[in-house]
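Have a look at query-v3.csv; it's CSV, C-alpha atoms:
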```
chain,number,residue,atom,x,y,z
A,1,MET,CA,142.8,131.0,81.7
A,2,LEU,CA,144.1,134.5,81.4
A,3,GLY,CA,145.1,135.7,78.0
A,4,TRP,CA,146.8,138.6,76.3
A,5,TYR,CA,145.9,140.4,73.1
A,6,TRP,CA,147.2,143.5,71.3
A,7,ALA,CA,144.8,146.4,70.9
A,8,MET,CA,144.1,147.3,67.3
A,9,ASN,CA,145.1,150.9,67.7
A,10,ASP,CA,147.9,151.3,70.2
A,11,PHE,CA,149.3,147.8,70.6
A,12,VAL,CA,149.0,148.1,74.3
A,13,PRO,CA,148.8,144.6,75.9
A,14,THR,CA,145.4,144.3,77.6
A,15,ARG,CA,144.4,141.5,80.0
A,16,ILE,CA,141.2,139.5,79.4
A,17,SER,CA,139.8,138.2,82.7
A,18,GLU,CA,137.7,135.1,83.1
A,19,PRO,CA,134.3,135.5,84.6
A,20,ALA,CA,134.4,135.8,88.4
A,21,TRP,CA,132.8,133.2,90.6
A,22,PHE,CA,130.9,136.0,92.5
A,23,PRO,CA,128.1,137.5,90.4
A,24,ARG,CA,128.4,141.1,89.4
A,25,THR,CA,125.5,142.1,87.2
A,26,GLY,CA,121.8,141.9,88.0
A,27,TRP,CA,121.3,139.1,85.5
A,28,GLN,CA,124.2,137.1,87.0
A,29,TRP,CA,122.7,137.5,90.4
A,30,LEU,CA,119.3,136.4,89.1
A,31,LEU,CA,120.8,133.2,87.6
A,32,THR,CA,122.8,132.4,90.7
A,33,VAL,CA,119.8,132.8,93.0
A,34,ALA,CA,117.7,130.6,90.6
A,35,SER,CA,120.4,128.0,90.5
A,36,VAL,CA,120.5,127.7,94.3
A,37,GLY,CA,116.7,127.5,94.4
A,38,PHE,CA,116.8,124.8,91.8
A,39,LEU,CA,119.6,122.7,93.5
A,40,ILE,CA,118.0,122.6,96.9
A,41,PRO,CA,114.8,120.7,95.9
A,42,THR,CA,117.0,118.6,93.6
A,43,LEU,CA,119.1,117.4,96.5
A,44,ILE,CA,116.0,116.8,98.6
A,45,LEU,CA,114.4,114.8,95.8
A,46,THR,CA,117.6,112.8,95.5
A,47,TYR,CA,117.6,111.9,99.1
A,48,TYR,CA,114.0,110.6,99.0
A,49,ILE,CA,114.6,108.7,95.8
A,50,LEU,CA,117.8,107.0,97.1
A,51,ASN,CA,116.3,106.6,100.6
A,52,PRO,CA,112.6,105.7,99.9
A,53,SER,CA,110.7,106.5,103.1
A,54,ASP,CA,108.2,108.8,104.9
A,55,PHE,CA,105.5,108.5,102.2
A,56,GLY,CA,103.3,111.0,104.0
A,57,LEU,CA,105.8,113.9,103.6
A,58,ARG,CA,105.6,116.1,100.5
A,59,PRO,CA,109.2,115.7,99.4
A,60,SER,CA,108.8,111.9,99.6
A,61,LEU,CA,105.6,112.1,97.6
A,62,ALA,CA,107.3,114.2,95.0
A,63,ALA,CA,110.1,111.6,94.8
A,64,TRP,CA,107.5,108.9,94.4
A,65,ILE,CA,105.8,110.7,91.5
A,66,ALA,CA,109.2,111.4,89.9
A,67,LEU,CA,110.0,107.6,90.0
A,68,LEU,CA,106.6,106.7,88.6
A,69,PHE,CA,106.7,109.2,85.8
A,70,PRO,CA,110.4,109.5,84.6
A,71,SER,CA,109.3,111.9,81.8
A,72,ARG,CA,109.2,114.5,84.5
A,73,LEU,CA,112.7,113.8,85.6
A,74,LEU,CA,113.8,113.9,82.0
A,75,ALA,CA,112.2,117.3,81.5
A,76,ALA,CA,113.8,118.7,84.6
A,77,THR,CA,117.2,117.4,83.4
A,78,ALA,CA,116.7,119.2,80.1
A,79,ILE,CA,115.7,122.4,81.8
A,80,SER,CA,118.7,122.3,84.1
A,81,ALA,CA,121.0,121.7,81.2
A,82,VAL,CA,119.6,124.7,79.3
A,83,LEU,CA,120.0,126.9,82.3
A,84,ALA,CA,123.6,125.8,82.7
A,85,VAL,CA,124.2,126.9,79.1
A,86,ILE,CA,122.6,130.2,79.8
A,87,GLY,CA,124.9,130.6,82.8
A,88,LEU,CA,127.9,129.9,80.6
A,89,TRP,CA,126.7,132.4,78.0
A,90,SER,CA,126.0,135.0,80.7
A,91,ARG,CA,129.5,134.5,82.3
A,92,ALA,CA,127.7,133.6,85.5
A,93,ARG,CA,130.3,131.1,86.6
A,94,LEU,CA,128.7,130.1,89.9
A,95,ALA,CA,125.3,129.7,88.4
A,96,LYS,CA,126.7,127.7,85.5
A,97,PHE,CA,128.5,125.3,87.9
A,98,ILE,CA,125.4,124.8,90.2
A,99,PHE,CA,123.1,124.1,87.2
A,100,ALA,CA,125.7,121.7,85.7
A,101,CYS,CA,125.8,119.8,89.0
A,102,ALA,CA,122.0,119.7,89.2
A,103,THR,CA,121.9,118.4,85.6
A,104,VAL,CA,124.3,115.6,86.4
A,105,ILE,CA,122.3,114.6,89.5
A,106,LEU,CA,119.0,114.6,87.6
A,107,ALA,CA,120.4,112.7,84.7
A,108,PHE,CA,121.5,110.0,87.2
A,109,LEU,CA,118.1,109.9,88.8
A,110,THR,CA,116.5,109.5,85.4
A,111,ILE,CA,118.9,106.9,84.0
A,112,TRP,CA,119.6,104.7,87.1
A,113,PRO,CA,116.1,103.2,87.7
A,114,ALA,CA,115.6,102.6,83.9
A,115,SER,CA,119.0,101.0,83.5
A,116,VAL,CA,118.6,98.5,86.4
A,117,MET,CA,115.2,97.4,85.2
A,118,TRP,CA,116.4,97.3,81.6
A,119,ASN,CA,119.2,94.9,82.6
A,120,LEU,CA,116.8,92.7,84.5
A,121,ALA,CA,114.4,92.5,81.6
A,122,ARG,CA,117.3,91.8,79.2
A,123,ASN,CA,118.8,89.1,81.4
A,124,ASP,CA,115.4,87.4,81.7
A,125,ASN,CA,114.6,87.8,78.0
A,126,VAL,CA,111.6,90.0,78.6
A,127,PRO,CA,110.9,92.4,75.8
A,128,VAL,CA,110.4,96.0,77.0
A,129,SER,CA,110.2,99.5,75.4
A,130,LEU,CA,112.4,102.4,76.7
A,131,LEU,CA,110.2,104.8,74.7
A,132,SER,CA,107.1,103.7,76.6
A,133,HIS,CA,109.0,104.1,79.8
A,134,PHE,CA,110.0,107.7,79.2
A,135,VAL,CA,107.0,109.0,77.2
A,136,THR,CA,103.9,109.3,79.4
A,137,LEU,CA,101.0,108.8,77.0
A,138,ARG,CA,98.0,111.1,77.3
A,139,ARG,CA,94.8,109.6,78.6
A,140,PRO,CA,92.4,108.8,75.8
A,141,LYS,CA,89.4,111.1,75.4
A,142,ASP,CA,87.1,108.0,75.8
A,143,PRO,CA,88.8,105.9,78.5
A,144,PRO,CA,87.7,102.3,78.9
A,145,VAL,CA,84.7,101.7,81.1
A,146,PRO,CA,83.0,98.6,82.5
A,147,ILE,CA,79.8,97.3,80.8
A,148,ALA,CA,77.9,97.5,84.1
A,149,SER,CA,78.0,98.2,87.8
A,150,VAL,CA,75.9,95.9,90.0
A,151,VAL,CA,75.2,95.4,93.7
A,152,TYR,CA,76.8,92.2,94.8
A,153,GLY,CA,75.6,92.3,98.4
A,154,LYS,CA,74.3,94.4,101.2
A,155,ALA,CA,76.2,94.9,104.4
A,156,PRO,CA,74.5,94.6,107.8
A,157,ASP,CA,74.7,98.4,108.1
A,158,GLY,CA,72.7,98.7,104.9
A,159,THR,CA,75.6,99.7,102.6
A,160,ASP,CA,75.2,98.5,99.0
A,161,LEU,CA,78.3,96.6,97.9
A,162,LEU,CA,79.1,97.4,94.3
A,163,LEU,CA,81.3,95.8,91.6
A,164,ASP,CA,82.1,96.7,88.0
A,165,ILE,CA,82.0,94.1,85.2
A,166,TRP,CA,84.6,94.0,82.6
A,167,PRO,CA,83.9,91.2,80.1
A,168,ALA,CA,86.5,89.1,78.4
A,169,THR,CA,87.0,89.7,74.7
A,170,PRO,CA,85.6,88.6,72.4
A,171,ALA,CA,82.4,88.8,74.5
A,172,GLU,CA,80.3,86.9,72.0
A,173,ASP,CA,82.4,83.7,72.4
A,174,ALA,CA,80.2,80.9,73.9
A,175,ALA,CA,83.1,79.3,75.8
A,176,LEU,CA,83.3,79.6,79.6
A,177,ARG,CA,85.8,82.2,80.6
A,178,PRO,CA,88.2,82.3,83.6
A,179,ALA,CA,87.6,85.3,85.9
A,180,PHE,CA,89.4,87.6,88.1
A,181,ILE,CA,88.0,89.4,91.1
A,182,LYS,CA,90.1,92.6,91.3
A,183,ILE,CA,90.7,94.4,94.6
A,184,HIS,CA,91.9,98.0,94.7
A,185,GLY,CA,94.5,99.4,97.0
A,186,GLY,CA,94.5,102.5,99.2
A,187,GLY,CA,96.0,101.4,102.5
A,188,TRP,CA,92.7,99.8,103.7
A,189,VAL,CA,91.3,103.3,104.2
A,190,SER,CA,90.7,104.7,100.7
A,191,GLY,CA,90.5,103.8,97.0
A,192,SER,CA,87.7,102.8,94.8
A,193,ARG,CA,86.8,100.1,92.3
A,194,SER,CA,88.1,100.1,88.7
A,195,GLU,CA,91.2,102.0,89.6
A,196,LEU,CA,94.0,101.3,87.0
A,197,PRO,CA,91.5,100.2,84.4
A,198,PHE,CA,94.3,99.3,82.0
A,199,TRP,CA,94.8,96.1,84.0
A,200,ASN,CA,91.2,95.2,83.5
A,201,VAL,CA,91.4,95.7,79.7
A,202,TRP,CA,94.7,93.8,79.6
A,203,LEU,CA,93.2,90.8,81.5
A,204,ASN,CA,90.1,91.0,79.2
A,205,GLU,CA,92.4,90.7,76.2
A,206,LEU,CA,93.9,87.6,77.8
A,207,GLY,CA,90.4,86.1,78.0
A,208,TYR,CA,89.5,86.9,81.6
A,209,THR,CA,86.3,88.5,82.7
A,210,VAL,CA,87.1,90.9,85.5
A,211,PHE,CA,84.9,91.8,88.5
A,212,ASP,CA,86.4,94.9,90.0
A,213,ILE,CA,84.9,95.3,93.5
A,214,GLU,CA,84.3,98.0,96.1
A,215,TYR,CA,84.6,97.1,99.8
A,216,ARG,CA,83.9,99.1,102.9
A,217,THR,CA,86.7,101.1,104.5
A,218,PRO,CA,86.9,102.9,107.9
A,219,PRO,CA,85.4,104.4,109.9
A,220,PRO,CA,84.7,102.5,112.0
A,221,GLU,CA,87.5,100.0,112.0
A,222,ARG,CA,86.9,97.3,109.4
A,223,TRP,CA,89.5,94.6,110.2
A,224,LYS,CA,86.9,91.9,109.5
A,225,ASP,CA,84.6,93.7,107.2
A,226,GLU,CA,86.9,94.3,104.3
A,227,VAL,CA,87.9,90.7,103.7
A,228,ALA,CA,84.3,89.7,104.4
A,229,ASP,CA,83.2,91.9,101.5
A,230,VAL,CA,85.7,90.3,99.2
A,231,LYS,CA,84.3,86.9,100.2
A,232,CYS,CA,80.8,88.2,99.5
A,233,ALA,CA,81.9,89.2,96.0
A,234,LEU,CA,83.3,85.7,95.5
A,235,GLN,CA,80.0,84.2,96.5
A,236,TRP,CA,78.2,86.5,94.1
A,237,VAL,CA,80.5,85.6,91.2
A,238,VAL,CA,80.0,81.9,91.9
A,239,ALA,CA,76.2,82.3,92.0
A,240,ASN,CA,76.3,84.2,88.6
A,241,THR,CA,78.8,82.0,86.6
A,242,ASP,CA,76.1,80.9,84.2
A,243,LYS,CA,74.9,84.5,83.6
A,244,TYR,CA,78.4,85.8,82.8
A,245,LYS,CA,79.8,82.6,81.2
A,246,ILE,CA,82.4,82.0,83.9
A,247,ASP,CA,84.1,78.7,84.6
A,248,PRO,CA,83.6,78.2,88.3
A,249,ASP,CA,86.8,76.2,88.5
A,250,ARG,CA,88.9,79.1,87.2
A,251,ILE,CA,88.2,82.1,89.5
A,252,SER,CA,91.3,84.0,90.6
A,253,LEU,CA,92.0,87.1,92.7
A,254,PHE,CA,94.1,90.1,91.8
A,255,GLY,CA,95.1,92.9,94.2
A,256,HIS,CA,97.3,95.9,94.5
A,257,SER,CA,98.9,97.0,97.8
A,258,ALA,CA,96.2,96.6,100.5
A,259,GLY,CA,94.1,94.9,97.8
A,260,GLY,CA,96.9,92.3,97.4
A,261,ASN,CA,96.8,91.7,101.1
A,262,LEU,CA,93.0,91.3,100.9
A,263,ALA,CA,93.2,89.0,97.9
A,264,MET,CA,95.6,86.6,99.7
A,265,LEU,CA,93.7,86.9,102.9
A,266,ALA,CA,90.3,86.0,101.3
A,267,ALA,CA,91.7,83.1,99.4
A,268,TYR,CA,94.0,81.7,102.1
A,269,SER,CA,91.3,81.8,104.8
A,270,LEU,CA,88.3,80.5,102.9
A,271,LYS,CA,88.0,77.4,105.0
A,272,THR,CA,88.4,79.1,108.4
A,273,ASN,CA,85.6,80.5,110.6
A,274,GLU,CA,87.5,83.4,111.9
A,275,LEU,CA,86.8,85.6,108.9
A,276,PRO,CA,83.2,85.0,107.7
A,277,SER,CA,81.7,86.5,104.6
A,278,THR,CA,79.4,89.5,104.7
A,279,CYS,CA,76.7,87.5,102.9
A,280,GLY,CA,77.4,83.8,103.3
A,281,SER,CA,80.4,81.5,102.8
A,282,PRO,CA,81.5,81.1,99.2
A,283,ILE,CA,82.0,77.5,98.0
A,284,VAL,CA,84.8,77.9,95.5
A,285,LYS,CA,88.4,76.8,95.0
A,286,ILE,CA,90.5,79.8,94.1
A,287,LYS,CA,92.7,79.1,91.0
A,288,SER,CA,95.5,81.6,91.7
A,289,ILE,CA,96.4,84.9,93.3
A,290,VAL,CA,98.2,87.9,91.8
A,291,ASN,CA,99.7,90.0,94.6
A,292,LEU,CA,101.2,93.3,93.5
A,293,TYR,CA,103.2,94.8,96.4
A,294,GLY,CA,100.7,93.7,99.1
A,295,PRO,CA,102.1,92.9,102.6
A,296,ALA,CA,101.5,89.4,104.1
A,297,ASN,CA,102.3,89.7,107.8
A,298,LEU,CA,100.7,92.8,109.2
A,299,SER,CA,102.2,92.6,112.7
A,300,VAL,CA,105.7,92.6,111.2
A,301,PHE,CA,104.7,95.2,108.5
A,302,TYR,CA,103.5,97.6,111.2
A,303,HIS,CA,107.0,97.9,112.7
A,304,SER,CA,109.2,97.4,109.6
A,305,THR,CA,107.6,99.7,107.0
A,306,PRO,CA,109.9,102.5,105.7
A,307,SER,CA,106.9,105.0,106.1
A,308,PRO,CA,105.8,104.3,109.7
A,309,ASP,CA,103.7,107.5,110.2
A,310,PHE,CA,101.7,106.9,107.0
A,311,VAL,CA,101.3,103.1,107.3
A,312,GLN,CA,100.8,102.9,111.1
A,313,ASN,CA,98.1,105.5,111.0
A,314,ALA,CA,96.3,103.6,108.3
A,315,LEU,CA,96.6,100.3,110.1
A,316,ARG,CA,95.4,101.7,113.4
A,317,GLU,CA,92.4,103.1,111.5
A,318,TYR,CA,91.8,99.8,109.8
A,319,VAL,CA,92.3,97.4,112.8
A,320,GLY,CA,91.5,99.7,115.7
A,321,GLY,CA,94.9,100.1,117.2
A,322,PRO,CA,98.5,98.8,117.0
A,323,PRO,CA,99.7,95.2,117.2
A,324,ASP,CA,100.7,95.6,120.9
A,325,GLN,CA,97.0,96.4,121.7
A,326,TYR,CA,95.4,93.9,119.3
A,327,PRO,CA,97.9,91.0,118.6
A,328,ASP,CA,95.1,88.6,117.8
A,329,ARG,CA,93.5,90.8,115.2
A,330,TYR,CA,96.8,91.4,113.4
A,331,LYS,CA,97.4,87.6,113.3
A,332,ILE,CA,93.9,86.9,112.1
A,333,ILE,CA,94.2,89.4,109.2
A,334,SER,CA,97.7,88.3,108.1
A,335,PRO,CA,97.6,85.9,105.1
A,336,THR,CA,100.7,84.1,106.4
A,337,SER,CA,98.6,82.7,109.3
A,338,TYR,CA,96.6,80.5,106.9
A,339,ILE,CA,99.3,79.1,104.5
A,340,GLY,CA,99.0,75.4,104.0
A,341,PRO,CA,99.1,72.7,101.3
A,342,GLU,CA,95.8,73.8,99.8
A,343,THR,CA,96.8,77.5,99.5
A,344,PRO,CA,96.4,78.6,95.8
A,345,PRO,CA,99.4,79.4,93.6
A,346,THR,CA,100.5,83.0,94.2
A,347,ILE,CA,102.7,85.4,92.3
A,348,THR,CA,104.1,88.4,94.2
A,349,ILE,CA,105.8,91.3,92.6
A,350,LEU,CA,107.4,94.1,94.6
A,351,GLY,CA,109.9,96.9,94.0
A,352,THR,CA,113.1,97.0,95.9
A,353,SER,CA,112.6,100.8,96.3
A,354,ASP,CA,109.1,100.4,97.7
A,355,ARG,CA,108.7,103.2,100.2
A,356,MET,CA,105.9,101.4,102.1
A,357,VAL,CA,106.3,97.6,101.8
A,358,PRO,CA,109.7,96.2,102.6
A,359,THR,CA,111.1,93.4,100.5
A,360,GLU,CA,111.2,91.1,103.6
A,361,GLN,CA,107.4,90.9,103.4
A,362,ALA,CA,107.6,89.3,99.9
A,363,THR,CA,110.6,87.1,100.7
A,364,ALA,CA,109.1,85.8,103.9
A,365,LEU,CA,105.8,85.1,102.1
A,366,ALA,CA,107.7,83.2,99.4
A,367,HIS,CA,109.6,81.1,102.0
A,368,ALA,CA,106.4,80.2,103.8
A,369,LEU,CA,104.6,79.2,100.6
A,370,THR,CA,107.5,77.1,99.4
A,371,ALA,CA,107.8,75.4,102.8
A,372,ALA,CA,104.1,74.4,102.5
A,373,GLY,CA,104.6,73.0,99.0
A,374,VAL,CA,102.6,75.8,97.3
A,375,ALA,CA,103.5,76.9,93.8
A,376,ASN,CA,104.6,80.5,93.9
A,377,ASP,CA,106.6,83.1,92.0
A,378,LEU,CA,108.4,86.1,93.5
A,379,TYR,CA,109.9,89.0,91.5
A,380,LEU,CA,111.7,91.9,93.1
A,381,LEU,CA,112.1,94.8,90.7
A,382,PRO,CA,115.2,96.9,91.2
A,383,GLY,CA,114.6,100.6,91.6
A,384,ALA,CA,110.8,100.2,91.4
A,385,ASP,CA,108.6,102.0,93.9
A,386,HIS,CA,105.2,101.4,95.5
A,387,GLY,CA,102.5,101.5,92.9
A,388,PHE,CA,105.0,101.3,90.0
A,389,ASP,CA,102.1,100.2,87.7
A,390,GLN,CA,100.4,103.6,88.1
A,391,ASN,CA,102.4,104.3,84.9
A,392,SER,CA,101.4,101.4,82.7
A,393,GLY,CA,104.2,102.1,80.2
A,394,SER,CA,107.0,102.0,82.8
A,395,LEU,CA,109.7,99.3,82.4
A,396,ALA,CA,108.5,97.8,85.8
A,397,ALA,CA,104.9,97.6,84.6
A,398,GLN,CA,105.9,96.1,81.2
A,399,TYR,CA,108.0,93.5,83.0
A,400,THR,CA,105.2,92.8,85.5
A,401,ARG,CA,102.7,92.1,82.7
A,402,ALA,CA,105.1,89.6,81.1
A,403,ARG,CA,105.6,87.8,84.4
A,404,VAL,CA,101.9,87.7,85.2
A,405,ARG,CA,101.2,86.4,81.7
A,406,SER,CA,103.6,83.5,82.2
A,407,PHE,CA,102.2,82.8,85.7
A,408,LEU,CA,98.6,82.7,84.4
A,409,ALA,CA,99.7,80.4,81.5
A,410,LYS,CA,100.9,77.9,84.1
A,411,ASN,CA,97.8,78.4,86.3
A,412,ARG,CA,94.9,78.9,83.9
```

Structure translated into structure tokens:
Amino acid sequence: MLGWYWAMNDFVPTRISEPAWFPRTGWQWLLTVASVGFLIPTLILTYYILNPSDFGLRPSLAAWIALLFPSRLLAATAISAVLAVIGLWSRARLAKFIFACATVILAFLTIWPASVMWNLARNDNVPVSLLSHFVTLRRPKDPPVPIASVVYGKAPDGTDLLLDIWPATPAEDAALRPAFIKIHGGGWVSGSRSELPFWNVWLNELGYTVFDIEYRTPPPERWKDEVADVKCALQWVVANTDKYKIDPDRISLFGHSAGGNLAMLAAYSLKTNELPSTCGSPIVKIKSIVNLYGPANLSVFYHSTPSPDFVQNALREYVGGPPDQYPDRYKIISPTSYIGPETPPTITILGTSDRMVPTEQATALAHALTAAGVANDLYLLPGADHGFDQNSGSLAAQYTRARVRSFLAKNR
């Protein structure tokens, strides 16, 4: 608005002008340029959060990290709001407007994923903490570590196959314990044992001993070797149940991403000859499977993933080529190929904003398991991205722990 006031000395009406949209001073120019530089990456981030895809691109990776750790989005929102206030104080009208827009966008990106997960948890009577979701805790100075790392087998190429042992608590209890073999992710081409150790500690507190395993990755292609190593680890655990006080009738598998795929594949194909173990066939009945965002039909997954460049490159490295070249290989390493009445109970949890594994992988798996009469649970987490449990305090991770706990209570 334009106003009038009377000068103190001569009562001459003088006009007060509002700040112009176009910057005039050097400080206003600096704020305006900074606001544009702030808004552009904000808009790119918004695109890749609302359209989760192309994981291999840096902007998509930044969006993935922002969703996993909302404290960073919260900090960016606060910074943008402060800069908008500085623009207002400096009469830099355009800069103020741009920073205000960025603040609104960032606030939406911060609140929306939390609100949809909060509503899901509230509707399902699952207690969760917003504080834990937004406050990323520092890593402890003395992080948890396994009690031992042992060789569970030797591959034909001479590679020592290793696993870490995380004993159930309290360890001195004489009762036989249920056990989990935990299989890391990494797109079949990377990763290492005892990633995400908070899961091991949490399972230990539930009374499970965890054997967190390594398996061979490419090169060369390992389309049979990876699941063969998982079965070798199974055989080793069965052979050492007395030593580690494990109940041989209560051995389960737990996997993330590619590890979820391998967990299902190893358990579902135990009685087939197409995927032999690296070190002998394990004689064991798997109690249950925990599959966190692992694909089940790799032929379909190859063509339907939202991140084709990243995923297809990894699958070609793992299998040796695309499904058109090796249709039999993709069928053999797809867990859905082996679903039958004796398939162990399975829980699958996947985010609806997963930028690698589409929700159809989880729903098709659940339909196949149900059709075969297999007990299974499926949970699709709104707004959650791939690897949502990288942040153990996130609402999605809190909800997942509650659902896994309930599943294990039914299948202990």

Long-range neighbours of Leu61 (chain A) as a compact mmCIF listing (two decimals) with C-alpha atoms, in the coordinates of the input, 9 Å cut-off, only C-alpha atoms, 6 positions minimum in chain:
```txt
# COMPACT_ATOMS: atom_id res chain seq x y z
CA TYR A 48 114.00 110.60 99.00
CA ASP A 54 108.20 108.80 104.90
CA PHE A 55 105.50 108.50 102.20
```

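Taking CA of Val319 (chain A) and CA of Lys224 (chain A) as endpoints, the distance between them is 8.4 Å.
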
Have a look at A:Ile165, A:Ala228, A:Ile98, A:Leu73 and name the one nearest to Ala179 (chain A); count only C-alpha atoms. A:Ile165

A:Thr217, A:Thr346, A:Gln398, A:Thr352: which is nearest Leu378 (chain A), counting all atoms listed in the file?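 Using all atoms listed in the file, the shortest distance to Leu378 (chain A) belongs to A:Thr346.
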
Of the listed residues A:Arg405, A:Arg329, A:Arg122, A:His386, that which approaches Arg316 (chain A) most closely, counting all atoms listed in the file: A:Arg329

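Closest approach to Pro344 (chain A) among A:Leu83, A:Leu270, A:Leu381, A:Ala34 is made by A:Leu270 (distances from all atoms listed in the file).
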
Taking (101.2, 84.8, 85.0) in the file's own coordinates, collect the residues within 12 Å, counting all atoms listed in the file, and hand them back as an MDAnalysis selection string. chainID A and resid 203 206 252 254 287:291 345:349 376:379 399:412

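Note that CA of Leu395 (chain A) and CA of Asn125 (chain A) are 13.3 Å apart.
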
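Using only C-alpha atoms, the shortest contact distance between Gln325 (chain A) and any of A:Thr42, A:Ser299, A:Asn204, A:Thr25 is found at A:Ser299.
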